[in-house]
$ cat input.pdb   # PDB, C-alpha atoms
ATOM      1  CA  MET L   1     -52.671  -2.483  -1.951
ATOM      2  CA  ARG L   2     -49.624  -4.607  -2.824
ATOM      3  CA  VAL L   3     -46.439  -2.540  -2.999
ATOM      4  CA  VAL L   4     -43.082  -3.961  -4.122
ATOM      5  CA  ILE L   5     -40.204  -1.951  -2.643
ATOM      6  CA  ALA L   6     -37.144  -2.770  -4.768
ATOM      7  CA  PRO L   7     -34.344  -0.208  -4.381
ATOM      8  CA  ASP L   8     -30.606  -0.164  -4.918
ATOM      9  CA  CYS L   9     -28.302   1.143  -2.194
ATOM     10  CA  PHE L  10     -27.862   4.863  -1.608
ATOM     11  CA  GLY L  11     -24.107   4.908  -2.183
ATOM     12  CA  GLY L  12     -22.102   5.750   0.913
ATOM     13  CA  THR L  13     -25.114   6.178   3.195
ATOM     14  CA  LEU L  14     -27.597   3.261   3.150
ATOM     15  CA  THR L  15     -27.468  -0.334   1.941
ATOM     16  CA  ALA L  16     -30.271  -1.545  -0.297
ATOM     17  CA  ARG L  17     -31.850  -3.351   2.645
ATOM     18  CA  GLU L  18     -31.666  -0.215   4.799
ATOM     19  CA  VAL L  19     -33.272   1.788   1.986
ATOM     20  CA  ALA L  20     -36.095  -0.744   1.633
ATOM     21  CA  GLU L  21     -36.694  -0.801   5.389
ATOM     22  CA  ALA L  22     -36.740   3.003   5.635
ATOM     23  CA  VAL L  23     -39.244   3.265   2.772
ATOM     24  CA  ALA L  24     -41.406   0.579   4.367
ATOM     25  CA  GLU L  25     -41.294   2.291   7.767
ATOM     26  CA  GLY L  26     -42.469   5.581   6.312
ATOM     27  CA  TRP L  27     -45.065   3.945   4.077
ATOM     28  CA  ARG L  28     -46.675   2.150   7.023
ATOM     29  CA  ARG L  29     -47.194   5.460   8.838
ATOM     30  CA  THR L  30     -49.580   6.510   6.086
ATOM     31  CA  ALA L  31     -50.961   3.200   4.814
ATOM     32  CA  PRO L  32     -50.590   0.551   7.543
ATOM     33  CA  ASP L  33     -52.895  -1.886   5.754
ATOM     34  CA  ASP L  34     -50.866  -2.038   2.541
ATOM     35  CA  GLU L  35     -49.061  -5.308   1.802
ATOM     36  CA  LEU L  36     -45.377  -4.455   1.422
ATOM     37  CA  HIS L  37     -42.880  -6.761  -0.297
ATOM     38  CA  LEU L  38     -39.271  -5.706   0.322
ATOM     39  CA  ARG L  39     -36.868  -6.713  -2.450
ATOM     40  CA  PRO L  40     -33.529  -4.923  -1.945
ATOM     41  CA  LEU L  41     -31.536  -5.194  -5.167
ATOM     42  CA  ALA L  42     -28.201  -4.348  -6.785
ATOM     43  CA  ASP L  43     -26.916  -3.856 -10.324
ATOM     44  CA  GLY L  44     -23.444  -5.387 -10.063
ATOM     45  CA  GLY L  45     -22.025  -2.675  -7.823
ATOM     46  CA  PRO L  46     -22.037  -2.424  -4.020
ATOM     47  CA  GLY L  47     -24.462  -4.876  -2.439
ATOM     48  CA  PHE L  48     -24.280  -7.414  -5.288
ATOM     49  CA  VAL L  49     -23.058 -10.266  -3.082
ATOM     50  CA  ASP L  50     -25.319  -9.458  -0.120
ATOM     51  CA  VAL L  51     -28.435  -9.237  -2.287
ATOM     52  CA  LEU L  52     -27.730 -12.518  -4.066
ATOM     53  CA  HIS L  53     -26.812 -14.293  -0.827
ATOM     54  CA  ALA L  54     -30.119 -13.196   0.721
ATOM     55  CA  ALA L  55     -32.033 -14.426  -2.340
ATOM     56  CA  LEU L  56     -30.138 -17.610  -3.191
ATOM     57  CA  GLY L  57     -28.411 -18.747  -0.035
ATOM     58  CA  GLY L  58     -25.105 -20.448  -0.782
ATOM     59  CA  THR L  59     -21.723 -20.118   0.880
ATOM     60  CA  LEU L  60     -19.922 -16.856   1.529
ATOM     61  CA  HIS L  61     -16.137 -17.041   1.279
ATOM     62  CA  THR L  62     -13.790 -14.366   2.609
ATOM     63  CA  THR L  63     -10.429 -13.896   0.901
ATOM     64  CA  THR L  64      -7.606 -11.477   1.700
ATOM     65  CA  VAL L  65      -6.753  -9.612  -1.489
ATOM     66  CA  THR L  66      -4.913  -6.512  -2.643
ATOM     67  CA  GLY L  67      -7.007  -3.394  -2.122
ATOM     68  CA  PRO L  68      -7.130  -0.438  -4.518
ATOM     69  CA  LEU L  69      -4.224   1.301  -2.753
ATOM     70  CA  GLY L  70      -2.127  -1.850  -2.459
ATOM     71  CA  ALA L  71      -2.879  -2.669   1.190
ATOM     72  CA  PRO L  72      -4.625  -5.985   1.946
ATOM     73  CA  VAL L  73      -8.412  -5.978   2.354
ATOM     74  CA  GLU L  74     -10.935  -8.682   3.205
ATOM     75  CA  ALA L  75     -13.277  -9.378   0.299
ATOM     76  CA  ARG L  76     -16.190 -11.796   0.091
ATOM     77  CA  TRP L  77     -17.526 -13.839  -2.784
ATOM     78  CA  LEU L  78     -20.541 -16.108  -2.995
ATOM     79  CA  GLU L  79     -20.578 -19.728  -4.108
ATOM     80  CA  HIS L  80     -23.959 -21.137  -5.099
ATOM     81  CA  ASP L  81     -24.874 -24.148  -7.203
ATOM     82  CA  GLY L  82     -21.552 -24.298  -9.055
ATOM     83  CA  SER L  83     -21.350 -20.564  -9.710
ATOM     84  CA  ALA L  84     -19.214 -17.903  -8.036
ATOM     85  CA  TYR L  85     -20.478 -14.345  -7.672
ATOM     86  CA  ILE L  86     -17.809 -11.697  -7.155
ATOM     87  CA  GLU L  87     -18.436  -8.057  -6.274
ATOM     88  CA  SER L  88     -15.529  -6.079  -7.685
ATOM     89  CA  ALA L  89     -16.220  -3.213  -5.263
ATOM     90  CA  GLU L  90     -15.268  -5.520  -2.379
ATOM     91  CA  ALA L  91     -11.704  -5.494  -3.721
ATOM     92  CA  CYS L  92     -11.382  -2.116  -5.468
ATOM     93  CA  GLY L  93     -14.388  -0.061  -4.356
ATOM     94  CA  LEU L  94     -14.305   3.706  -3.999
ATOM     95  CA  HIS L  95     -15.365   3.276  -0.363
ATOM     96  CA  LEU L  96     -11.932   1.691   0.244
ATOM     97  CA  VAL L  97     -10.171   4.919  -0.778
ATOM     98  CA  PRO L  98     -10.077   7.656   1.898
ATOM     99  CA  VAL L  99     -11.514  10.932   0.635
ATOM    100  CA  ASP L 100      -8.248  12.810   1.160
ATOM    101  CA  GLU L 101      -6.378  10.264  -0.990
ATOM    102  CA  ARG L 102      -8.763  10.095  -3.935
ATOM    103  CA  ALA L 103      -7.065  12.713  -6.089
ATOM    104  CA  ARG L 104      -3.856  10.657  -6.071
ATOM    105  CA  ALA L 105      -5.562   7.273  -6.140
ATOM    106  CA  ALA L 106      -7.645   8.216  -9.189
ATOM    107  CA  GLU L 107      -4.566   7.473 -11.317
ATOM    108  CA  THR L 108      -2.938   4.728  -9.269
ATOM    109  CA  ALA L 109      -5.715   2.555  -7.805
ATOM    110  CA  THR L 110      -5.506  -1.060  -8.923
ATOM    111  CA  THR L 111      -7.891  -3.892  -9.778
ATOM    112  CA  ARG L 112      -5.339  -6.507  -8.751
ATOM    113  CA  GLY L 113      -7.581  -7.722  -5.922
ATOM    114  CA  VAL L 114     -10.395  -8.518  -8.346
ATOM    115  CA  GLY L 115      -8.036 -10.811 -10.224
ATOM    116  CA  GLU L 116      -7.158 -12.499  -6.946
ATOM    117  CA  LEU L 117     -10.854 -13.071  -6.251
ATOM    118  CA  VAL L 118     -11.269 -14.620  -9.710
ATOM    119  CA  ASN L 119      -8.325 -16.899  -8.948
ATOM    120  CA  ALA L 120      -9.859 -17.924  -5.615
ATOM    121  CA  ALA L 121     -13.156 -18.761  -7.304
ATOM    122  CA  GLY L 122     -11.322 -20.714  -9.979
ATOM    123  CA  ASP L 123      -9.529 -22.738  -7.308
ATOM    124  CA  ALA L 124     -12.960 -23.726  -5.974
ATOM    125  CA  ARG L 125     -13.657 -25.430  -9.336
ATOM    126  CA  VAL L 126     -16.908 -23.616 -10.054
ATOM    127  CA  HIS L 127     -18.237 -23.801 -13.598
ATOM    128  CA  THR L 128     -19.189 -20.093 -13.863
ATOM    129  CA  ILE L 129     -17.566 -16.972 -12.410
ATOM    130  CA  VAL L 130     -19.732 -13.842 -12.448
ATOM    131  CA  VAL L 131     -17.942 -10.562 -11.741
ATOM    132  CA  GLY L 132     -20.272  -7.750 -10.671
ATOM    133  CA  LEU L 133     -19.020  -4.362 -11.857
ATOM    134  CA  GLY L 134     -19.706  -0.982 -10.292
ATOM    135  CA  GLY L 135     -18.707   1.320  -7.461
ATOM    136  CA  SER L 136     -14.996   1.046  -8.181
ATOM    137  CA  GLY L 137     -12.295   3.508  -7.210
ATOM    138  CA  THR L 138     -10.181   2.451 -10.196
ATOM    139  CA  THR L 139      -9.625   3.564 -13.790
ATOM    140  CA  ASP L 140      -6.800   1.206 -14.715
ATOM    141  CA  GLY L 141      -8.539  -0.555 -17.589
ATOM    142  CA  GLY L 142      -8.389  -3.732 -15.547
ATOM    143  CA  ALA L 143      -4.576  -3.753 -15.775
ATOM    144  CA  GLY L 144      -4.251  -5.048 -12.221
ATOM    145  CA  LEU L 145      -6.644  -7.881 -12.936
ATOM    146  CA  ARG L 146      -4.934  -8.792 -16.221
ATOM    147  CA  GLU L 147      -1.525  -8.941 -14.521
ATOM    148  CA  THR L 148      -2.844 -11.189 -11.754
ATOM    149  CA  VAL L 149      -5.567 -13.478 -12.989
ATOM    150  CA  ARG L 150      -4.799 -17.000 -14.115
ATOM    151  CA  PRO L 151      -6.788 -17.894 -17.239
ATOM    152  CA  PRO L 152      -9.896 -19.431 -15.688
ATOM    153  CA  THR L 153     -11.286 -22.677 -17.032
ATOM    154  CA  ALA L 154     -14.720 -21.593 -15.814
ATOM    155  CA  ARG L 155     -17.150 -19.596 -17.922
ATOM    156  CA  LEU L 156     -16.583 -15.913 -17.177
ATOM    157  CA  VAL L 157     -19.408 -13.363 -17.046
ATOM    158  CA  ALA L 158     -19.083  -9.603 -16.601
ATOM    159  CA  ALA L 159     -22.223  -8.274 -14.883
ATOM    160  CA  ALA L 160     -22.036  -4.598 -15.802
ATOM    161  CA  ASP L 161     -23.874  -1.809 -14.017
ATOM    162  CA  VAL L 162     -23.602   0.597 -16.990
ATOM    163  CA  GLU L 163     -23.535   0.423 -20.785
ATOM    164  CA  ASN L 164     -20.696   2.930 -21.272
ATOM    165  CA  PRO L 165     -17.857   2.195 -23.728
ATOM    166  CA  LEU L 166     -14.217   2.397 -22.661
ATOM    167  CA  LEU L 167     -13.293   5.682 -24.372
ATOM    168  CA  GLY L 168     -14.820   8.989 -25.387
ATOM    169  CA  PRO L 169     -17.214  11.439 -23.737
ATOM    170  CA  HIS L 170     -19.232   8.600 -22.203
ATOM    171  CA  GLY L 171     -16.198   6.443 -21.423
ATOM    172  CA  ALA L 172     -14.581   5.301 -18.209
ATOM    173  CA  ALA L 173     -12.226   8.244 -17.672
ATOM    174  CA  ARG L 174     -14.342  11.193 -18.773
ATOM    175  CA  THR L 175     -17.615  10.047 -17.243
ATOM    176  CA  PHE L 176     -16.530   8.381 -14.026
ATOM    177  CA  GLY L 177     -13.004   9.706 -13.415
ATOM    178  CA  PRO L 178     -14.168  12.975 -11.802
ATOM    179  CA  GLN L 179     -16.452  11.017  -9.460
ATOM    180  CA  LYS L 180     -13.371   9.137  -8.256
ATOM    181  CA  GLY L 181     -11.338  12.270  -7.589
ATOM    182  CA  ALA L 182      -9.594  12.760 -10.932
ATOM    183  CA  SER L 183      -8.794  16.347 -11.943
ATOM    184  CA  PRO L 184      -9.340  17.439 -15.574
ATOM    185  CA  GLU L 185      -5.631  16.905 -16.193
ATOM    186  CA  ALA L 186      -5.777  13.437 -14.632
ATOM    187  CA  VAL L 187      -8.831  12.572 -16.735
ATOM    188  CA  ALA L 188      -6.893  13.431 -19.893
ATOM    189  CA  ARG L 189      -3.977  11.243 -18.798
ATOM    190  CA  LEU L 190      -6.298   8.357 -17.921
ATOM    191  CA  GLU L 191      -8.066   8.605 -21.288
ATOM    192  CA  ALA L 192      -4.719   8.506 -23.105
ATOM    193  CA  ARG L 193      -3.565   5.560 -21.013
ATOM    194  CA  LEU L 194      -6.730   3.564 -21.728
ATOM    195  CA  ALA L 195      -6.523   4.386 -25.449
ATOM    196  CA  ALA L 196      -2.950   3.056 -25.537
ATOM    197  CA  MET L 197      -3.927  -0.381 -24.175
ATOM    198  CA  ASP L 198      -3.704  -2.414 -27.386
ATOM    199  CA  GLU L 199      -5.015  -5.547 -25.662
ATOM    200  CA  LEU L 200      -8.362  -3.775 -25.187
ATOM    201  CA  ALA L 201      -8.624  -2.386 -28.729
ATOM    202  CA  ASP L 202     -11.044  -5.034 -29.991
ATOM    203  CA  VAL L 203     -13.532  -4.573 -27.152
ATOM    204  CA  ARG L 204     -13.301  -0.922 -26.166
ATOM    205  CA  ASP L 205     -16.402   0.154 -28.109
ATOM    206  CA  ARG L 206     -18.632  -2.560 -26.683
ATOM    207  CA  PRO L 207     -21.375  -1.571 -24.216
ATOM    208  CA  GLY L 208     -20.138  -2.102 -20.660
ATOM    209  CA  ALA L 209     -16.436  -1.860 -21.569
ATOM    210  CA  GLY L 210     -16.163   1.291 -19.476
ATOM    211  CA  ALA L 211     -17.738  -0.279 -16.390
ATOM    212  CA  ALA L 212     -15.642  -0.138 -13.212
ATOM    213  CA  GLY L 213     -12.972   2.027 -14.811
ATOM    214  CA  GLY L 214     -12.426  -0.267 -17.768
ATOM    215  CA  LEU L 215     -12.560  -3.490 -15.804
ATOM    216  CA  GLY L 216     -15.425  -4.483 -18.094
ATOM    217  CA  ALA L 217     -13.139  -4.235 -21.121
ATOM    218  CA  ALA L 218     -10.438  -6.292 -19.419
ATOM    219  CA  LEU L 219     -12.890  -9.082 -18.657
ATOM    220  CA  MET L 220     -14.200  -8.990 -22.230
ATOM    221  CA  ALA L 221     -10.623  -9.309 -23.491
ATOM    222  CA  LEU L 222     -10.337 -12.461 -21.368
ATOM    223  CA  GLY L 223     -13.384 -13.886 -23.136
ATOM    224  CA  ALA L 224     -16.085 -12.923 -20.652
ATOM    225  CA  GLU L 225     -19.684 -12.766 -21.717
ATOM    226  CA  VAL L 226     -21.380  -9.483 -20.881
ATOM    227  CA  ALA L 227     -24.655  -9.306 -19.009
ATOM    228  CA  SER L 228     -26.676  -6.566 -17.387
ATOM    229  CA  GLY L 229     -26.000  -6.746 -13.667
ATOM    230  CA  ALA L 230     -29.430  -5.306 -12.960
ATOM    231  CA  GLY L 231     -31.058  -7.788 -15.311
ATOM    232  CA  MET L 232     -29.225 -10.685 -13.719
ATOM    233  CA  VAL L 233     -30.265  -9.653 -10.210
ATOM    234  CA  ARG L 234     -33.818  -9.117 -11.443
ATOM    235  CA  GLU L 235     -33.868 -12.727 -12.671
ATOM    236  CA  LEU L 236     -32.048 -14.398  -9.767
ATOM    237  CA  THR L 237     -34.123 -12.638  -7.100
ATOM    238  CA  ARG L 238     -37.361 -13.449  -8.982
ATOM    239  CA  LEU L 239     -38.383  -9.833  -9.005
ATOM    240  CA  ASP L 240     -40.788 -10.445 -11.870
ATOM    241  CA  GLU L 241     -42.812 -12.864  -9.762
ATOM    242  CA  ALA L 242     -43.299 -10.145  -7.163
ATOM    243  CA  LEU L 243     -44.241  -7.617  -9.860
ATOM    244  CA  ASP L 244     -46.819 -10.041 -11.285
ATOM    245  CA  HIS L 245     -48.966  -9.402  -8.234
ATOM    246  CA  ALA L 246     -48.048  -5.783  -7.506
ATOM    247  CA  ASP L 247     -50.215  -2.683  -7.643
ATOM    248  CA  LEU L 248     -47.198  -0.372  -7.376
ATOM    249  CA  ALA L 249     -43.412  -0.635  -7.567
ATOM    250  CA  VAL L 250     -41.160   1.679  -5.575
ATOM    251  CA  THR L 251     -37.485   1.765  -6.487
ATOM    252  CA  GLY L 252     -34.608   4.179  -5.975
ATOM    253  CA  GLU L 253     -30.913   4.917  -5.674
ATOM    254  CA  GLY L 254     -28.651   7.609  -4.332
ATOM    255  CA  SER L 255     -28.708   9.762  -7.457
ATOM    256  CA  PHE L 256     -31.245   9.331 -10.233
ATOM    257  CA  ASP L 257     -29.386  10.953 -13.129
ATOM    258  CA  TRP L 258     -28.691  10.363 -16.825
ATOM    259  CA  GLN L 259     -26.377   7.475 -15.973
ATOM    260  CA  SER L 260     -29.328   5.743 -14.317
ATOM    261  CA  LEU L 261     -30.863   5.382 -17.776
ATOM    262  CA  ARG L 262     -27.834   3.472 -19.115
ATOM    263  CA  GLY L 263     -28.176   0.045 -17.509
ATOM    264  CA  LYS L 264     -28.719   0.903 -13.862
ATOM    265  CA  LEU L 265     -31.093  -0.910 -11.529
ATOM    266  CA  VAL L 266     -33.906   1.638 -11.570
ATOM    267  CA  THR L 267     -34.472   1.072 -15.286
ATOM    268  CA  ALA L 268     -34.652  -2.705 -14.780
ATOM    269  CA  VAL L 269     -37.371  -2.313 -12.150
ATOM    270  CA  ALA L 270     -39.212   0.283 -14.233
ATOM    271  CA  SER L 271     -39.152  -1.848 -17.380
ATOM    272  CA  GLY L 272     -40.387  -4.899 -15.484
ATOM    273  CA  SER L 273     -43.203  -2.826 -14.053
ATOM    274  CA  ALA L 274     -44.105  -1.326 -17.410
ATOM    275  CA  GLU L 275     -44.348  -4.796 -18.969
ATOM    276  CA  ARG L 276     -47.127  -5.539 -16.484
ATOM    277  CA  GLY L 277     -48.847  -2.181 -16.511
ATOM    278  CA  VAL L 278     -47.743  -1.563 -12.925
ATOM    279  CA  PRO L 279     -46.892   2.049 -12.059
ATOM    280  CA  CYS L 280     -43.347   2.636 -10.840
ATOM    281  CA  VAL L 281     -42.069   5.556  -8.771
ATOM    282  CA  VAL L 282     -38.514   6.479  -7.841
ATOM    283  CA  LEU L 283     -37.316   7.768  -4.459
ATOM    284  CA  ALA L 284     -33.732   8.971  -4.735
ATOM    285  CA  GLY L 285     -31.318  11.071  -2.759
ATOM    286  CA  GLN L 286     -31.165  13.518  -5.647
ATOM    287  CA  VAL L 287     -33.005  13.614  -8.979
ATOM    288  CA  THR L 288     -31.701  15.281 -12.148
ATOM    289  CA  VAL L 289     -33.595  13.217 -14.738
ATOM    290  CA  GLY L 290     -36.390  15.194 -16.381
ATOM    291  CA  ARG L 291     -40.003  14.043 -16.335
ATOM    292  CA  ARG L 292     -39.988  13.191 -20.046
ATOM    293  CA  GLU L 293     -36.835  11.056 -19.789
ATOM    294  CA  ALA L 294     -38.150   9.344 -16.663
ATOM    295  CA  ALA L 295     -41.455   8.582 -18.350
ATOM    296  CA  ALA L 296     -39.645   7.112 -21.368
ATOM    297  CA  ALA L 297     -37.865   4.743 -18.972
ATOM    298  CA  GLY L 298     -41.193   3.639 -17.468
ATOM    299  CA  VAL L 299     -41.130   5.820 -14.348
ATOM    300  CA  GLN L 300     -44.376   7.583 -13.460
ATOM    301  CA  GLU L 301     -42.985   9.965 -10.843
ATOM    302  CA  THR L 302     -39.712  10.828  -9.117
ATOM    303  CA  TYR L 303     -39.121  12.178  -5.615
ATOM    304  CA  ALA L 304     -35.869  13.577  -4.188
ATOM    305  CA  VAL L 305     -34.999  13.176  -0.510
ATOM    306  CA  ALA L 306     -32.768  16.270  -0.629
ATOM    307  CA  GLU L 307     -35.615  18.400  -1.953
ATOM    308  CA  HIS L 308     -38.021  17.024   0.652
ATOM    309  CA  ALA L 309     -35.530  17.592   3.483
ATOM    310  CA  GLY L 310     -34.655  21.081   2.304
ATOM    311  CA  SER L 311     -31.024  20.419   1.376
ATOM    312  CA  VAL L 312     -28.509  17.683   0.651
ATOM    313  CA  GLU L 313     -26.856  18.346   4.003
ATOM    314  CA  ARG L 314     -30.084  17.800   5.939
ATOM    315  CA  SER L 315     -30.856  14.597   4.054
ATOM    316  CA  LEU L 316     -27.379  13.217   4.752
ATOM    317  CA  ALA L 317     -27.594  14.114   8.439
ATOM    318  CA  ASP L 318     -30.340  11.508   8.845
ATOM    319  CA  PRO L 319     -30.572   9.507   5.600
ATOM    320  CA  ALA L 320     -32.935   6.789   6.875
ATOM    321  CA  GLY L 321     -35.179   9.235   8.716
ATOM    322  CA  THR L 322     -35.546  11.702   5.865
ATOM    323  CA  LEU L 323     -36.157   8.872   3.400
ATOM    324  CA  ALA L 324     -38.872   7.437   5.655
ATOM    325  CA  ASP L 325     -40.496  10.869   5.907
ATOM    326  CA  LEU L 326     -40.524  11.170   2.127
ATOM    327  CA  ALA L 327     -42.001   7.668   1.762
ATOM    328  CA  ALA L 328     -44.822   8.601   4.134
ATOM    329  CA  ARG L 329     -45.611  11.596   1.938
ATOM    330  CA  VAL L 330     -45.451   9.544  -1.269
ATOM    331  CA  ALA L 331     -47.817   6.955   0.212
ATOM    332  CA  ARG L 332     -50.423   9.665   0.731
ATOM    333  CA  HIS L 333     -50.515  10.161  -3.008
ATOM    334  CA  TRP L 334     -50.171   6.583  -4.251
ATOM    335  CA  SER L 335     -51.749   4.265  -1.706
ATOM    336  CA  HIS L 336     -55.371   3.322  -2.259
ATOM    337  CA  SER L 337     -55.740   2.307   1.380
ATOM    338  CA  ARG L 338     -54.290   5.400   3.030
ATOM    339  CA  GLN L 339     -55.916   6.395   6.295
TER     340      GLN L 339
END

$ encode --input "input.pdb" --output "structure tokens"
Amino acid sequence: MRVVIAPDCFGGTLTAREVAEAVAEGWRRTAPDDELHLRPLADGGPGFVDVLHAALGGTLHTTTVTGPLGAPVEARWLEHDGSAYIESAEACGLHLVPVDERARAAETATTRGVGELVNAAGDARVHTIVVGLGGSGTTDGGAGLRETVRPPTARLVAAADVENPLLGPHGAARTFGPQKGASPEAVARLEARLAAMDELADVRDRPGAGAAGGLGAALMALGAEVASGAGMVRELTRLDEALDHADLAVTGEGSFDWQSLRGKLVTAVASGSAERGVPCVVLAGQVTVGRREAAAAGVQETYAVAEHAGSVERSLADPAGTLADLAARVARHWSHSRQ
């Protein structure tokens, strides 16, 4: 049986490659004769540069930029065939904000470093600059980027990991602010601040404007084209070629929730599988998507590591081990060649 293992990272615990390897390790316990194809992926958020570098090659550049709290951080970007690929999380990611500082940083974290990365790529005279969005610790509407970036002569592309608008119940502040440490009062202030940014007025209702705390809107205001980060990675990594010959696709992410259905990687893998009549299953840290919603997205079955391990705490104590154990169990159900 040919199994394509194409997960995103499990945020804060495992990279996409570590997820793929853990799933493969568990799968082989049950079905050692299956042919496994590991395709770790990303949707514009954490892992975007690593995944594309592994698939495309190219040159990794490291640049010292302003981090989300103002201190310098080292951030990488990829140059390949005249294009630059930037991962905004390398400069303003939530992982760069200590947990005990997130409540304060939710209102003050800056995207200035992303603008500095765009400038560095522009200095390299590339013809296209792709900015992967996702995993940010910021909700500044891209103000830091707009204050820093020099108008690039290169074509600018915003590779969004979500389809959320800038404002409203599904916007940057109300949806993602609490995940970044914002209190209800801080969320209200952030929403008001984003609404007052006149320079974003023309783009704030566009899908993806709310990505990375409004960084998507800022890039759109600079003339960026908008693309699905998951769709772009799907194309550049030639995932469809692997799915053409697959009997089963296994994907996953840290939390498979309603946001996963709005432009995240899992839906890109599921739709590609559905186009070919290939069943797709999801292994995630936690699952809150109902069976009907999952089926509508092209997912045949979902499995939660936390449920398998007995609790979230147990799954986090050994994320790779508990994921491998779950994969071994899933293989017993799905593999045609199980022992």

$ resolve_selection --input "input.pdb" --expression "the PyMOL selection byres ((chain L and resi 64) around 7)" --output "PyMOL selection string"
chain L and resi 62-63+65+72-75

$ atom_distance --input "input.pdb" --atom1 "CA of Ala24 in chain L" --atom2 "CA of Ser311 in chain L"
22.6 Å

$ resolve_selection --input "input.pdb" --expression "the PyMOL selection byres ((chain L and resi 271-288) around 6)" --output "list of chain:residue names"
L:Asp247, L:Leu248, L:Ala249, L:Val250, L:Thr251, L:Gly252, L:Glu253, L:Gly254, L:Ser255, L:Phe256, L:Asp257, L:Thr267, L:Ala268, L:Val269, L:Ala270, L:Val289, L:Gly298, L:Val299, L:Gln300, L:Glu301, L:Thr302, L:Tyr303, L:Ala304, L:Val305, L:Ala306

$ closest_atom_pairs --input "input.pdb" --of "range 179-203 of chain L" --to "range 141-150 of chain L" --cutoff "12 Å" --atoms "all atoms listed in the file" --output "JSON lines"
{"residue": "L:Leu190", "atom": "CA", "partner": "L:Gly141", "partner_atom": "CA", "distance": 9.2}
{"residue": "L:Glu191", "atom": "CA", "partner": "L:Gly141", "partner_atom": "CA", "distance": 9.9}
{"residue": "L:Ala192", "atom": "CA", "partner": "L:Gly141", "partner_atom": "CA", "distance": 11.3}
{"residue": "L:Arg193", "atom": "CA", "partner": "L:Gly141", "partner_atom": "CA", "distance": 8.6}
{"residue": "L:Leu194", "atom": "CA", "partner": "L:Gly141", "partner_atom": "CA", "distance": 6.1}
{"residue": "L:Ala195", "atom": "CA", "partner": "L:Gly141", "partner_atom": "CA", "distance": 9.5}
{"residue": "L:Ala196", "atom": "CA", "partner": "L:Gly141", "partner_atom": "CA", "distance": 10.4}
{"residue": "L:Met197", "atom": "CA", "partner": "L:Gly141", "partner_atom": "CA", "distance": 8.0}
{"residue": "L:Asp198", "atom": "CA", "partner": "L:Gly141", "partner_atom": "CA", "distance": 11.1}
{"residue": "L:Glu199", "atom": "CA", "partner": "L:Arg146", "partner_atom": "CA", "distance": 10.0}
{"residue": "L:Leu200", "atom": "CA", "partner": "L:Gly141", "partner_atom": "CA", "distance": 8.3}
{"residue": "L:Ala201", "atom": "CA", "partner": "L:Gly141", "partner_atom": "CA", "distance": 11.3}
{"residue": "L:Val203", "atom": "CA", "partner": "L:Gly141", "partner_atom": "CA", "distance": 11.5}

$ closest_residue --input "input.pdb" --among "L:His80, L:Lys264, L:Lys180, L:Arg102" --to "Glu163 in chain L" --atoms "only C-alpha atoms"
L:Lys264

$ closest_residue --input "input.pdb" --among "L:Pro68, L:Pro98, L:Pro7, L:Pro32" --to "Ala328 in chain L" --atoms "all atoms listed in the file"
L:Pro32

$ closest_residue --input "input.pdb" --among "L:Thr59, L:Ser88, L:Ser83, L:Gln259" --to "Leu219 in chain L" --atoms "only C-alpha atoms"
L:Ser88

$ closest_residue --input "input.pdb" --among "L:Trp27, L:Thr322, L:Arg125, L:Leu69" --to "His95 in chain L" --atoms "only C-alpha atoms"
L:Leu69

$ residues_around --input "input.pdb" --residues "His336 in chain L" --least-positions-apart "6" --cutoff "12 Å" --atoms "all atoms listed in the file" --output "PDB file with C-alpha atoms, keeping the file's coordinate frame"
ATOM      1  CA  MET L   1     -52.671  -2.483  -1.951  1.00  0.00           C
ATOM      2  CA  ARG L   2     -49.624  -4.607  -2.824  1.00  0.00           C
ATOM      3  CA  VAL L   3     -46.439  -2.540  -2.999  1.00  0.00           C
ATOM      4  CA  THR L  30     -49.580   6.510   6.086  1.00  0.00           C
ATOM      5  CA  ALA L  31     -50.961   3.200   4.814  1.00  0.00           C
ATOM      6  CA  PRO L  32     -50.590   0.551   7.543  1.00  0.00           C
ATOM      7  CA  ASP L  33     -52.895  -1.886   5.754  1.00  0.00           C
ATOM      8  CA  ASP L  34     -50.866  -2.038   2.541  1.00  0.00           C
ATOM      9  CA  GLU L  35     -49.061  -5.308   1.802  1.00  0.00           C
ATOM     10  CA  ASP L 247     -50.215  -2.683  -7.643  1.00  0.00           C
ATOM     11  CA  LEU L 248     -47.198  -0.372  -7.376  1.00  0.00           C
ATOM     12  CA  VAL L 330     -45.451   9.544  -1.269  1.00  0.00           C
TER      13      VAL L 330
END

$ decode --input "input.pdb" --residues "range 88-93 of chain L" --atoms "N, CA and C atoms" --output "compact mmCIF listing (two decimals), in the first residue's frame"
# COMPACT_ATOMS: atom_id res chain seq x y z
N SER L 88 7.33 34.90 7.86
CA SER L 88 7.15 36.01 8.79
C SER L 88 7.36 35.58 10.24
N ALA L 89 7.05 34.33 10.56
CA ALA L 89 7.21 33.85 11.94
C ALA L 89 8.67 33.85 12.38
N GLU L 90 9.61 33.82 11.42
CA GLU L 90 11.03 33.88 11.79
C GLU L 90 11.36 35.23 12.41
N ALA L 91 10.60 36.27 12.05
CA ALA L 91 10.88 37.60 12.57
C ALA L 91 9.91 38.05 13.64
N CYS L 92 8.66 37.54 13.61
CA CYS L 92 7.67 38.02 14.58
C CYS L 92 6.82 36.89 15.13
N GLY L 93 7.35 35.67 15.15
CA GLY L 93 6.58 34.51 15.58
C GLY L 93 6.25 34.51 17.06
